>>> print(open('upload.tsv').read())   # TSV, N, CA and C atoms
chain	number	residue	atom	x	y	z
A	1214	MET	N	-142.17	45.19	116.90
A	1214	MET	CA	-142.05	44.00	116.10
A	1214	MET	C	-142.97	44.07	114.87
A	1215	LEU	N	-144.20	44.54	115.08
A	1215	LEU	CA	-145.14	44.68	113.99
A	1215	LEU	C	-144.64	45.70	112.96
A	1216	ARG	N	-144.02	46.75	113.49
A	1216	ARG	CA	-143.48	47.79	112.61
A	1216	ARG	C	-142.36	47.23	111.72
A	1217	ALA	N	-141.48	46.42	112.28
A	1217	ALA	CA	-140.38	45.81	111.53
A	1217	ALA	C	-140.93	44.86	110.47
A	1218	ARG	N	-141.97	44.11	110.83
A	1218	ARG	CA	-142.58	43.16	109.89
A	1218	ARG	C	-143.24	43.91	108.73
A	1219	LEU	N	-143.92	45.01	109.03
A	1219	LEU	CA	-144.53	45.82	107.97
A	1219	LEU	C	-143.48	46.42	107.04
A	1220	LEU	N	-142.36	46.84	107.60
A	1220	LEU	CA	-141.27	47.37	106.79
A	1220	LEU	C	-140.70	46.29	105.87
A	1221	GLN	N	-140.52	45.09	106.40
A	1221	GLN	CA	-140.02	43.98	105.59
A	1221	GLN	C	-140.99	43.68	104.44
A	1222	MET	N	-142.27	43.65	104.72
A	1222	MET	CA	-143.28	43.36	103.70
A	1222	MET	C	-143.30	44.46	102.63
A	1223	THR	N	-143.15	45.70	103.05
A	1223	THR	CA	-143.14	46.82	102.11
A	1223	THR	C	-141.94	46.72	101.18
A	1224	VAL	N	-140.78	46.42	101.75
A	1224	VAL	CA	-139.56	46.27	100.94
A	1224	VAL	C	-139.72	45.10	99.97
A	1225	LEU	N	-140.25	43.98	100.44
A	1225	LEU	CA	-140.45	42.81	99.59
A	1225	LEU	C	-141.39	43.13	98.44
A	1226	LEU	N	-142.49	43.82	98.73
A	1226	LEU	CA	-143.43	44.19	97.67
A	1226	LEU	C	-142.80	45.14	96.67
A	1227	ALA	N	-141.97	46.05	97.13
A	1227	ALA	CA	-141.28	46.98	96.23
A	1227	ALA	C	-140.34	46.22	95.30
A	1228	VAL	N	-139.59	45.27	95.84
A	1228	VAL	CA	-138.66	44.47	95.03
A	1228	VAL	C	-139.43	43.65	94.00
A	1229	LEU	N	-140.53	43.04	94.40
A	1229	LEU	CA	-141.34	42.26	93.47
A	1229	LEU	C	-141.95	43.13	92.37
A	1230	ALA	N	-142.36	44.34	92.73
A	1230	ALA	CA	-142.92	45.26	91.73
A	1230	ALA	C	-141.87	45.64	90.70
A	1231	ILE	N	-140.67	45.91	91.15
A	1231	ILE	CA	-139.58	46.27	90.23
A	1231	ILE	C	-139.24	45.07	89.34
A	1232	ALA	N	-139.17	43.89	89.90
A	1232	ALA	CA	-138.84	42.69	89.14
A	1232	ALA	C	-139.89	42.40	88.07
A	1233	ALA	N	-141.13	42.72	88.35
A	1233	ALA	CA	-142.20	42.46	87.39
A	1233	ALA	C	-142.03	43.28	86.12
A	1234	TYR	N	-141.42	44.45	86.21
A	1234	TYR	CA	-141.23	45.30	85.04
A	1234	TYR	C	-139.85	45.22	84.43
A	1235	ALA	N	-138.98	44.43	84.98
A	1235	ALA	CA	-137.63	44.29	84.45
A	1235	ALA	C	-137.68	43.50	83.15
A	1236	PRO	N	-136.89	43.90	82.14
A	1236	PRO	CA	-136.88	43.14	80.89
A	1236	PRO	C	-136.31	41.74	81.13
A	1237	VAL	N	-136.92	40.78	80.46
A	1237	VAL	CA	-136.48	39.41	80.60
A	1237	VAL	C	-135.79	39.00	79.30
A	1238	ALA	N	-134.57	38.51	79.41
A	1238	ALA	CA	-133.85	38.04	78.23
A	1238	ALA	C	-134.49	36.74	77.75
A	1239	SER	N	-134.76	36.68	76.47
A	1239	SER	CA	-135.36	35.47	75.94
A	1239	SER	C	-134.30	34.39	75.79
A	1240	ALA	N	-134.77	33.16	75.68
A	1240	ALA	CA	-133.85	32.04	75.52
A	1240	ALA	C	-133.12	32.13	74.19
A	1241	SER	N	-133.69	32.84	73.23
A	1241	SER	CA	-133.08	32.94	71.92
A	1241	SER	C	-132.33	34.26	71.72
A	1242	CYS	N	-131.96	34.90	72.80
A	1242	CYS	CA	-131.26	36.17	72.75
A	1242	CYS	C	-129.82	35.96	72.30
A	1243	GLY	N	-129.34	36.79	71.38
A	1243	GLY	CA	-127.96	36.70	70.90
A	1243	GLY	C	-127.87	37.03	69.42
A	1244	ILE	N	-126.73	36.75	68.84
A	1244	ILE	CA	-126.52	36.96	67.40
A	1244	ILE	C	-127.28	35.87	66.65
A	1245	GLN	N	-128.22	36.30	65.81
A	1245	GLN	CA	-129.05	35.35	65.07
A	1245	GLN	C	-129.29	35.83	63.65
A	1246	CYS	N	-129.68	34.89	62.82
A	1246	CYS	CA	-130.07	35.22	61.45
A	1246	CYS	C	-131.55	35.56	61.46
A	1247	VAL	N	-131.87	36.80	61.11
A	1247	VAL	CA	-133.26	37.26	61.11
A	1247	VAL	C	-133.71	37.37	59.65
A	1248	LEU	N	-134.46	36.38	59.21
A	1248	LEU	CA	-134.87	36.35	57.81
A	1248	LEU	C	-135.86	37.46	57.47
A	1249	THR	N	-136.69	37.85	58.43
A	1249	THR	CA	-137.69	38.88	58.16
A	1249	THR	C	-137.07	40.26	57.97
A	1250	ASP	N	-135.82	40.45	58.40
A	1250	ASP	CA	-135.14	41.72	58.18
A	1250	ASP	C	-134.31	41.71	56.90
A	1251	GLY	N	-134.25	40.59	56.23
A	1251	GLY	CA	-133.51	40.48	54.98
A	1251	GLY	C	-134.37	40.87	53.80
A	1252	GLY	N	-134.11	40.26	52.68
A	1252	GLY	CA	-134.89	40.58	51.50
A	1252	GLY	C	-134.36	39.91	50.26
A	1253	THR	N	-134.64	40.52	49.14
A	1253	THR	CA	-134.21	40.02	47.83
A	1253	THR	C	-133.56	41.17	47.08
A	1254	THR	N	-132.41	40.91	46.52
A	1254	THR	CA	-131.71	41.94	45.75
A	1254	THR	C	-132.39	42.11	44.39
A	1255	PRO	N	-132.13	43.22	43.75
A	1255	PRO	CA	-132.55	43.33	42.35
A	1255	PRO	C	-131.75	42.33	41.51
A	1256	THR	N	-132.27	41.98	40.36
A	1256	THR	CA	-131.53	41.11	39.45
A	1256	THR	C	-130.34	41.90	38.91
A	1257	ALA	N	-129.19	41.23	38.89
A	1257	ALA	CA	-127.96	41.86	38.41
A	1257	ALA	C	-127.27	40.93	37.43
A	1258	GLY	N	-126.28	41.45	36.77
A	1258	GLY	CA	-125.52	40.65	35.82
A	1258	GLY	C	-124.04	40.66	36.15
A	1259	GLY	N	-123.40	39.53	35.92
A	1259	GLY	CA	-121.96	39.44	36.12
A	1259	GLY	C	-121.29	39.11	34.80
A	1260	ILE	N	-120.13	39.70	34.57
A	1260	ILE	CA	-119.38	39.40	33.34
A	1260	ILE	C	-117.97	38.98	33.71
A	1261	GLY	N	-117.37	38.19	32.82
A	1261	GLY	CA	-116.01	37.74	33.07
A	1261	GLY	C	-115.43	37.05	31.85
A	1262	ASN	N	-114.19	36.59	32.00
A	1262	ASN	CA	-113.49	35.90	30.91
A	1262	ASN	C	-113.97	34.47	30.73
A	1263	ASP	N	-114.62	33.92	31.75
A	1263	ASP	CA	-115.18	32.57	31.70
A	1263	ASP	C	-116.39	32.54	32.64
A	1264	CYS	N	-117.09	31.40	32.69
A	1264	CYS	CA	-118.30	31.30	33.51
A	1264	CYS	C	-118.00	31.43	35.00
A	1265	THR	N	-116.87	30.93	35.43
A	1265	THR	CA	-116.51	31.02	36.84
A	1265	THR	C	-116.33	32.48	37.25
A	1266	SER	N	-115.57	33.24	36.47
A	1266	SER	CA	-115.34	34.64	36.84
A	1266	SER	C	-116.61	35.47	36.68
A	1267	ALA	N	-117.46	35.14	35.71
A	1267	ALA	CA	-118.73	35.86	35.55
A	1267	ALA	C	-119.64	35.58	36.75
A	1268	THR	N	-119.70	34.34	37.19
A	1268	THR	CA	-120.53	33.98	38.34
A	1268	THR	C	-119.99	34.62	39.61
A	1269	ASN	N	-118.66	34.62	39.77
A	1269	ASN	CA	-118.06	35.27	40.95
A	1269	ASN	C	-118.35	36.77	40.95
A	1270	SER	N	-118.32	37.39	39.77
A	1270	SER	CA	-118.64	38.82	39.65
A	1270	SER	C	-120.08	39.07	40.07
A	1271	LEU	N	-121.00	38.23	39.61
A	1271	LEU	CA	-122.41	38.35	39.97
A	1271	LEU	C	-122.58	38.22	41.48
A	1272	LYS	N	-122.00	37.17	42.07
A	1272	LYS	CA	-122.13	36.93	43.51
A	1272	LYS	C	-121.56	38.09	44.32
A	1273	SER	N	-120.47	38.67	43.87
A	1273	SER	CA	-119.86	39.80	44.57
A	1273	SER	C	-120.80	41.01	44.56
A	1274	GLN	N	-121.40	41.29	43.42
A	1274	GLN	CA	-122.34	42.42	43.32
A	1274	GLN	C	-123.56	42.21	44.21
A	1275	LEU	N	-124.10	40.99	44.19
A	1275	LEU	CA	-125.27	40.69	44.99
A	1275	LEU	C	-124.96	40.77	46.48
A	1276	GLN	N	-123.81	40.24	46.88
A	1276	GLN	CA	-123.42	40.27	48.29
A	1276	GLN	C	-123.19	41.71	48.76
A	1277	SER	N	-122.63	42.53	47.91
A	1277	SER	CA	-122.40	43.93	48.24
A	1277	SER	C	-123.74	44.65	48.49
A	1278	TYR	N	-124.70	44.40	47.62
A	1278	TYR	CA	-126.02	45.01	47.80
A	1278	TYR	C	-126.66	44.52	49.09
A	1279	ALA	N	-126.65	43.21	49.31
A	1279	ALA	CA	-127.31	42.62	50.48
A	1279	ALA	C	-126.68	43.10	51.78
A	1280	SER	N	-125.36	43.13	51.84
A	1280	SER	CA	-124.71	43.55	53.09
A	1280	SER	C	-124.95	45.03	53.36
A	1281	GLY	N	-125.11	45.84	52.31
A	1281	GLY	CA	-125.44	47.25	52.48
A	1281	GLY	C	-126.86	47.44	53.00
A	1282	TYR	N	-127.70	46.47	52.77
A	1282	TYR	CA	-129.10	46.54	53.21
A	1282	TYR	C	-129.23	46.21	54.70
A	1283	CYS	N	-128.40	45.28	55.19
A	1283	CYS	CA	-128.50	44.83	56.58
A	1283	CYS	C	-127.89	45.86	57.54
A	1284	PRO	N	-128.56	46.11	58.67
A	1284	PRO	CA	-128.02	47.07	59.65
A	1284	PRO	C	-126.62	46.70	60.14
A	1285	SER	N	-126.37	45.40	60.32
A	1285	SER	CA	-125.06	44.96	60.81
A	1285	SER	C	-124.06	44.78	59.67
A	1286	ARG	N	-124.53	44.92	58.45
A	1286	ARG	CA	-123.74	44.71	57.24
A	1286	ARG	C	-123.28	43.26	57.10
A	1287	VAL	N	-123.94	42.34	57.84
A	1287	VAL	CA	-123.61	40.91	57.76
A	1287	VAL	C	-124.87	40.16	57.34
A	1288	THR	N	-124.77	39.41	56.24
A	1288	THR	CA	-125.91	38.63	55.76
A	1288	THR	C	-125.79	37.18	56.22
A	1289	CYS	N	-126.89	36.46	56.11
A	1289	CYS	CA	-126.91	35.05	56.46
A	1289	CYS	C	-127.96	34.34	55.61
A	1290	GLN	N	-127.86	33.06	55.55
A	1290	GLN	CA	-128.76	32.22	54.76
A	1290	GLN	C	-129.01	32.81	53.38
A	1291	SER	N	-127.93	33.15	52.70
A	1291	SER	CA	-128.01	33.73	51.37
A	1291	SER	C	-128.17	32.64	50.33
A	1292	THR	N	-129.05	32.89	49.37
A	1292	THR	CA	-129.26	31.96	48.26
A	1292	THR	C	-129.26	32.75	46.97
A	1293	VAL	N	-128.36	32.39	46.07
A	1293	VAL	CA	-128.30	33.04	44.76
A	1293	VAL	C	-129.13	32.22	43.77
A	1294	THR	N	-130.01	32.90	43.06
A	1294	THR	CA	-130.83	32.26	42.03
A	1294	THR	C	-130.39	32.80	40.68
A	1295	ILE	N	-129.96	31.91	39.81
A	1295	ILE	CA	-129.52	32.29	38.46
A	1295	ILE	C	-130.77	32.39	37.58
A	1296	THR	N	-130.96	33.55	36.97
A	1296	THR	CA	-132.13	33.74	36.09
A	1296	THR	C	-131.76	33.55	34.62
A	1297	ILE	N	-130.54	33.90	34.26
A	1297	ILE	CA	-130.04	33.65	32.90
A	1297	ILE	C	-128.69	32.96	33.06
A	1298	ALA	N	-128.63	31.72	32.60
A	1298	ALA	CA	-127.42	30.91	32.74
A	1298	ALA	C	-126.23	31.57	32.05
A	1299	CYS	N	-125.06	31.19	32.49
A	1299	CYS	CA	-123.83	31.71	31.91
A	1299	CYS	C	-123.78	31.38	30.42
A	1300	HIS	N	-123.42	32.39	29.64
A	1300	HIS	CA	-123.36	32.21	28.20
A	1300	HIS	C	-122.33	33.17	27.60
A	1301	ALA	N	-121.84	32.81	26.42
A	1301	ALA	CA	-120.89	33.68	25.72
A	1301	ALA	C	-121.62	34.96	25.34
A	1302	ASP	N	-120.93	36.08	25.55
A	1302	ASP	CA	-121.53	37.38	25.27
A	1302	ASP	C	-120.43	38.29	24.74
A	1303	GLY	N	-120.37	38.43	23.43
A	1303	GLY	CA	-119.30	39.23	22.83
A	1303	GLY	C	-117.96	38.53	23.01
A	1304	THR	N	-117.04	39.20	23.69
A	1304	THR	CA	-115.71	38.62	23.90
A	1304	THR	C	-115.56	37.95	25.26
A	1305	GLY	N	-116.64	37.90	26.05
A	1305	GLY	CA	-116.58	37.29	27.38
A	1305	GLY	C	-117.81	36.45	27.65
A	1306	TYR	N	-118.12	36.33	28.93
A	1306	TYR	CA	-119.26	35.54	29.37
A	1306	TYR	C	-120.09	36.37	30.34
A	1307	SER	N	-121.39	36.10	30.36
A	1307	SER	CA	-122.24	36.81	31.31
A	1307	SER	C	-123.25	35.86	31.94
A	1308	VAL	N	-123.72	36.25	33.11
A	1308	VAL	CA	-124.71	35.48	33.86
A	1308	VAL	C	-125.54	36.49	34.65
A	1309	SER	N	-126.81	36.17	34.88
A	1309	SER	CA	-127.69	37.07	35.63
A	1309	SER	C	-128.38	36.31	36.75
A	1310	GLY	N	-128.73	37.05	37.81
A	1310	GLY	CA	-129.45	36.42	38.91
A	1310	GLY	C	-129.72	37.40	40.04
A	1311	TYR	N	-130.31	36.88	41.11
A	1311	TYR	CA	-130.61	37.68	42.30
A	1311	TYR	C	-130.32	36.83	43.54
A	1312	GLU	N	-130.34	37.49	44.69
A	1312	GLU	CA	-130.02	36.81	45.95
A	1312	GLU	C	-131.12	37.08	46.98
A	1313	THR	N	-131.54	36.05	47.69
A	1313	THR	CA	-132.40	36.23	48.85
A	1313	THR	C	-131.52	36.03	50.08
A	1314	PHE	N	-131.80	36.78	51.14
A	1314	PHE	CA	-130.89	36.76	52.29
A	1314	PHE	C	-131.60	37.20	53.56
A	1315	GLY	N	-131.01	36.84	54.68
A	1315	GLY	CA	-131.40	37.34	55.99
A	1315	GLY	C	-130.31	38.24	56.51
A	1316	CYS	N	-130.56	38.92	57.62
A	1316	CYS	CA	-129.55	39.79	58.22
A	1316	CYS	C	-129.16	39.24	59.59
A	1317	GLN	N	-127.88	39.17	59.84
A	1317	GLN	CA	-127.39	38.73	61.13
A	1317	GLN	C	-127.49	39.90	62.10
A	1318	GLU	N	-128.20	39.68	63.23
A	1318	GLU	CA	-128.44	40.76	64.18
A	1318	GLU	C	-128.34	40.27	65.62
A	1319	ASN	N	-128.09	41.20	66.52
A	1319	ASN	CA	-128.09	40.91	67.94
A	1319	ASN	C	-129.52	41.11	68.46
A	1320	THR	N	-130.20	40.02	68.79
A	1320	THR	CA	-131.58	40.10	69.21
A	1320	THR	C	-131.74	40.45	70.68
A	1321	CYS	N	-130.62	40.70	71.37
A	1321	CYS	CA	-130.69	41.07	72.80
A	1321	CYS	C	-130.96	42.55	72.99
A	1322	LEU	N	-130.82	43.34	71.96
A	1322	LEU	CA	-130.97	44.79	72.09
A	1322	LEU	C	-132.41	45.21	72.16
>>> encode(input="upload.tsv", output="structure tokens")
Amino acid sequence: MLRARLLQMTVLLAVLAIAAYAPVASASCGIQCVLTDGGTTPTAGGIGNDCTSATNSLKSQLQSYASGYCPSRVTCQSTVTITIACHADGTGYSVSGYETFGCQENTCL
């Protein structure tokens, strides 16, 4: 009987020891926006036939840079800052700015 009890205690201690070193999933585990893995793009310029198309061109360039920077290629909490407002430039319009962004990542890995 004593031998069986010692075996049970040994098995229990082994299970507890293994459990103590097992990784624990955090409550915030999953796909999340990680701002510290993001950054700020270089300032870029967009051109177009009007201010809307120039701004869309700028946003497309900035988003392309930002998504290329993120490991998942998915950005989040992006903010575009216009540094030079849209203005007539030759035969079209131009606008300049940069983007700050976070990267969407799986924090469970």
>>> select_by_dssp(input="upload.tsv", residues="region 1236-1275 of chain A", states="helix (DSSP H, G or I)", output="MDAnalysis selection string")
chainID A and resid 1264:1275
>>> closest_residue(input="upload.tsv", among="A:Cys1316, A:Ala1257, A:Cys1264, A:Ile1297", to="Tyr1282 (chain A)", atoms="only C-alpha atoms")
A:Cys1316
>>> closest_residue(input="upload.tsv", among="A:Gln1245, A:Ser1309, A:Thr1253, A:Thr1304", to="Lys1272 (chain A)", atoms="only C-alpha atoms")
A:Ser1309
>>> atom_distance(input="upload.tsv", atom1="atom N of Ser1273 (chain A)", atom2="atom C of Phe1314 (chain A)")
14.8 Å
>>> atom_distance(input="upload.tsv", atom1="CA of Gly1251 (chain A)", atom2="CA of Val1308 (chain A)")
23.4 Å
>>> closest_residue(input="upload.tsv", among="A:Gln1274, A:Thr1268, A:Thr1294, A:Ser1280", to="Glu1312 (chain A)", atoms="only C-alpha atoms")
A:Thr1294
>>> atom_distance(input="upload.tsv", atom1="CA of Ala1279 (chain A)", atom2="CA of Tyr1306 (chain A)")
23.7 Å
>>> closest_residue(input="upload.tsv", among="A:Gly1303, A:Gly1261, A:Pro1255, A:Gly1315", to="Thr1288 (chain A)", atoms="all atoms listed in the file")
A:Gly1315
>>> decode(input="upload.tsv", residues="region 1263-1293 of chain A", atoms="N, CA, C and O atoms", output="CSV table (one decimal), in the first residue's frame")
chain,number,residue,atom,x,y,z
A,1263,ASP,N,-6.4,65.6,-60.2
A,1263,ASP,CA,-7.1,66.5,-59.2
A,1263,ASP,C,-6.6,66.1,-57.8
A,1263,ASP,O,-5.8,65.2,-57.6
A,1264,CYS,N,-7.1,66.8,-56.8
A,1264,CYS,CA,-6.6,66.6,-55.4
A,1264,CYS,C,-7.0,65.2,-54.9
A,1264,CYS,O,-6.2,64.6,-54.2
A,1265,THR,N,-8.2,64.7,-55.3
A,1265,THR,CA,-8.6,63.4,-54.8
A,1265,THR,C,-7.7,62.3,-55.4
A,1265,THR,O,-7.2,61.4,-54.7
A,1266,SER,N,-7.4,62.4,-56.7
A,1266,SER,CA,-6.5,61.3,-57.3
A,1266,SER,C,-5.1,61.5,-56.8
A,1266,SER,O,-4.4,60.5,-56.6
A,1267,ALA,N,-4.6,62.7,-56.5
A,1267,ALA,CA,-3.3,62.9,-56.0
A,1267,ALA,C,-3.2,62.3,-54.6
A,1267,ALA,O,-2.2,61.6,-54.2
A,1268,THR,N,-4.2,62.6,-53.7
A,1268,THR,CA,-4.2,62.0,-52.4
A,1268,THR,C,-4.3,60.5,-52.4
A,1268,THR,O,-3.6,59.8,-51.6
A,1269,ASN,N,-5.1,60.0,-53.3
A,1269,ASN,CA,-5.3,58.5,-53.4
A,1269,ASN,C,-3.9,57.9,-53.8
A,1269,ASN,O,-3.5,56.8,-53.3
A,1270,SER,N,-3.2,58.6,-54.7
A,1270,SER,CA,-1.9,58.1,-55.2
A,1270,SER,C,-0.9,58.1,-54.0
A,1270,SER,O,-0.2,57.1,-53.8
A,1271,LEU,N,-0.9,59.1,-53.2
A,1271,LEU,CA,-0.1,59.2,-52.0
A,1271,LEU,C,-0.4,58.1,-51.0
A,1271,LEU,O,0.5,57.4,-50.6
A,1272,LYS,N,-1.7,57.9,-50.7
A,1272,LYS,CA,-2.1,56.9,-49.8
A,1272,LYS,C,-1.7,55.5,-50.2
A,1272,LYS,O,-1.3,54.6,-49.5
A,1273,SER,N,-1.8,55.3,-51.5
A,1273,SER,CA,-1.5,53.9,-52.1
A,1273,SER,C,0.0,53.7,-51.9
A,1273,SER,O,0.5,52.6,-51.6
A,1274,GLN,N,0.9,54.7,-52.2
A,1274,GLN,CA,2.3,54.5,-52.1
A,1274,GLN,C,2.7,54.3,-50.6
A,1274,GLN,O,3.5,53.4,-50.3
A,1275,LEU,N,2.1,55.0,-49.7
A,1275,LEU,CA,2.4,54.9,-48.3
A,1275,LEU,C,2.0,53.5,-47.8
A,1275,LEU,O,2.7,52.9,-47.0
A,1276,GLN,N,0.8,53.1,-48.2
A,1276,GLN,CA,0.3,51.8,-47.7
A,1276,GLN,C,1.1,50.6,-48.3
A,1276,GLN,O,1.4,49.7,-47.6
A,1277,SER,N,1.6,50.8,-49.5
A,1277,SER,CA,2.5,49.8,-50.1
A,1277,SER,C,3.8,49.6,-49.3
A,1277,SER,O,4.3,48.5,-49.0
A,1278,TYR,N,4.4,50.8,-48.9
A,1278,TYR,CA,5.6,50.8,-48.1
A,1278,TYR,C,5.3,50.1,-46.8
A,1278,TYR,O,6.1,49.3,-46.3
A,1279,ALA,N,4.3,50.6,-46.1
A,1279,ALA,CA,4.0,50.1,-44.7
A,1279,ALA,C,3.7,48.6,-44.7
A,1279,ALA,O,4.2,47.9,-43.9
A,1280,SER,N,2.9,48.1,-45.7
A,1280,SER,CA,2.6,46.7,-45.7
A,1280,SER,C,3.8,45.8,-46.0
A,1280,SER,O,3.9,44.7,-45.5
A,1281,GLY,N,4.7,46.4,-46.8
A,1281,GLY,CA,6.0,45.7,-47.0
A,1281,GLY,C,6.9,45.6,-45.8
A,1281,GLY,O,7.7,44.7,-45.7
A,1282,TYR,N,6.7,46.5,-44.9
A,1282,TYR,CA,7.5,46.5,-43.7
A,1282,TYR,C,7.0,45.5,-42.6
A,1282,TYR,O,7.8,45.0,-41.9
A,1283,CYS,N,5.7,45.3,-42.6
A,1283,CYS,CA,5.1,44.4,-41.6
A,1283,CYS,C,5.3,42.9,-42.0
A,1283,CYS,O,5.1,42.6,-43.1
A,1284,PRO,N,5.7,42.1,-41.0
A,1284,PRO,CA,5.9,40.7,-41.3
A,1284,PRO,C,4.6,40.0,-41.9
A,1284,PRO,O,4.8,39.1,-42.8
A,1285,SER,N,3.4,40.4,-41.4
A,1285,SER,CA,2.2,39.8,-42.0
A,1285,SER,C,1.7,40.5,-43.2
A,1285,SER,O,0.7,40.0,-43.8
A,1286,ARG,N,2.4,41.6,-43.6
A,1286,ARG,CA,2.0,42.4,-44.7
A,1286,ARG,C,0.6,43.1,-44.5
A,1286,ARG,O,0.0,43.5,-45.4
A,1287,VAL,N,0.1,43.1,-43.2
A,1287,VAL,CA,-1.1,43.7,-42.9
A,1287,VAL,C,-0.9,44.8,-41.9
A,1287,VAL,O,-0.3,44.6,-40.8
A,1288,THR,N,-1.3,46.1,-42.2
A,1288,THR,CA,-1.1,47.2,-41.3
A,1288,THR,C,-2.4,47.4,-40.5
A,1288,THR,O,-3.4,47.0,-40.8
A,1289,CYS,N,-2.2,48.2,-39.4
A,1289,CYS,CA,-3.4,48.6,-38.6
A,1289,CYS,C,-3.1,50.0,-38.0
A,1289,CYS,O,-2.0,50.4,-37.9
A,1290,GLN,N,-4.2,50.6,-37.6
A,1290,GLN,CA,-4.1,51.9,-36.9
A,1290,GLN,C,-3.2,52.9,-37.7
A,1290,GLN,O,-2.3,53.5,-37.2
A,1291,SER,N,-3.4,52.9,-39.0
A,1291,SER,CA,-2.7,53.8,-39.9
A,1291,SER,C,-3.2,55.2,-39.9
A,1291,SER,O,-4.4,55.4,-39.9
A,1292,THR,N,-2.3,56.1,-39.9
A,1292,THR,CA,-2.6,57.6,-39.9
A,1292,THR,C,-1.7,58.2,-40.9
A,1292,THR,O,-0.5,58.2,-40.8
A,1293,VAL,N,-2.4,58.9,-41.9
A,1293,VAL,CA,-1.6,59.6,-42.9
A,1293,VAL,C,-1.5,61.1,-42.4
A,1293,VAL,O,-2.6,61.7,-42.1
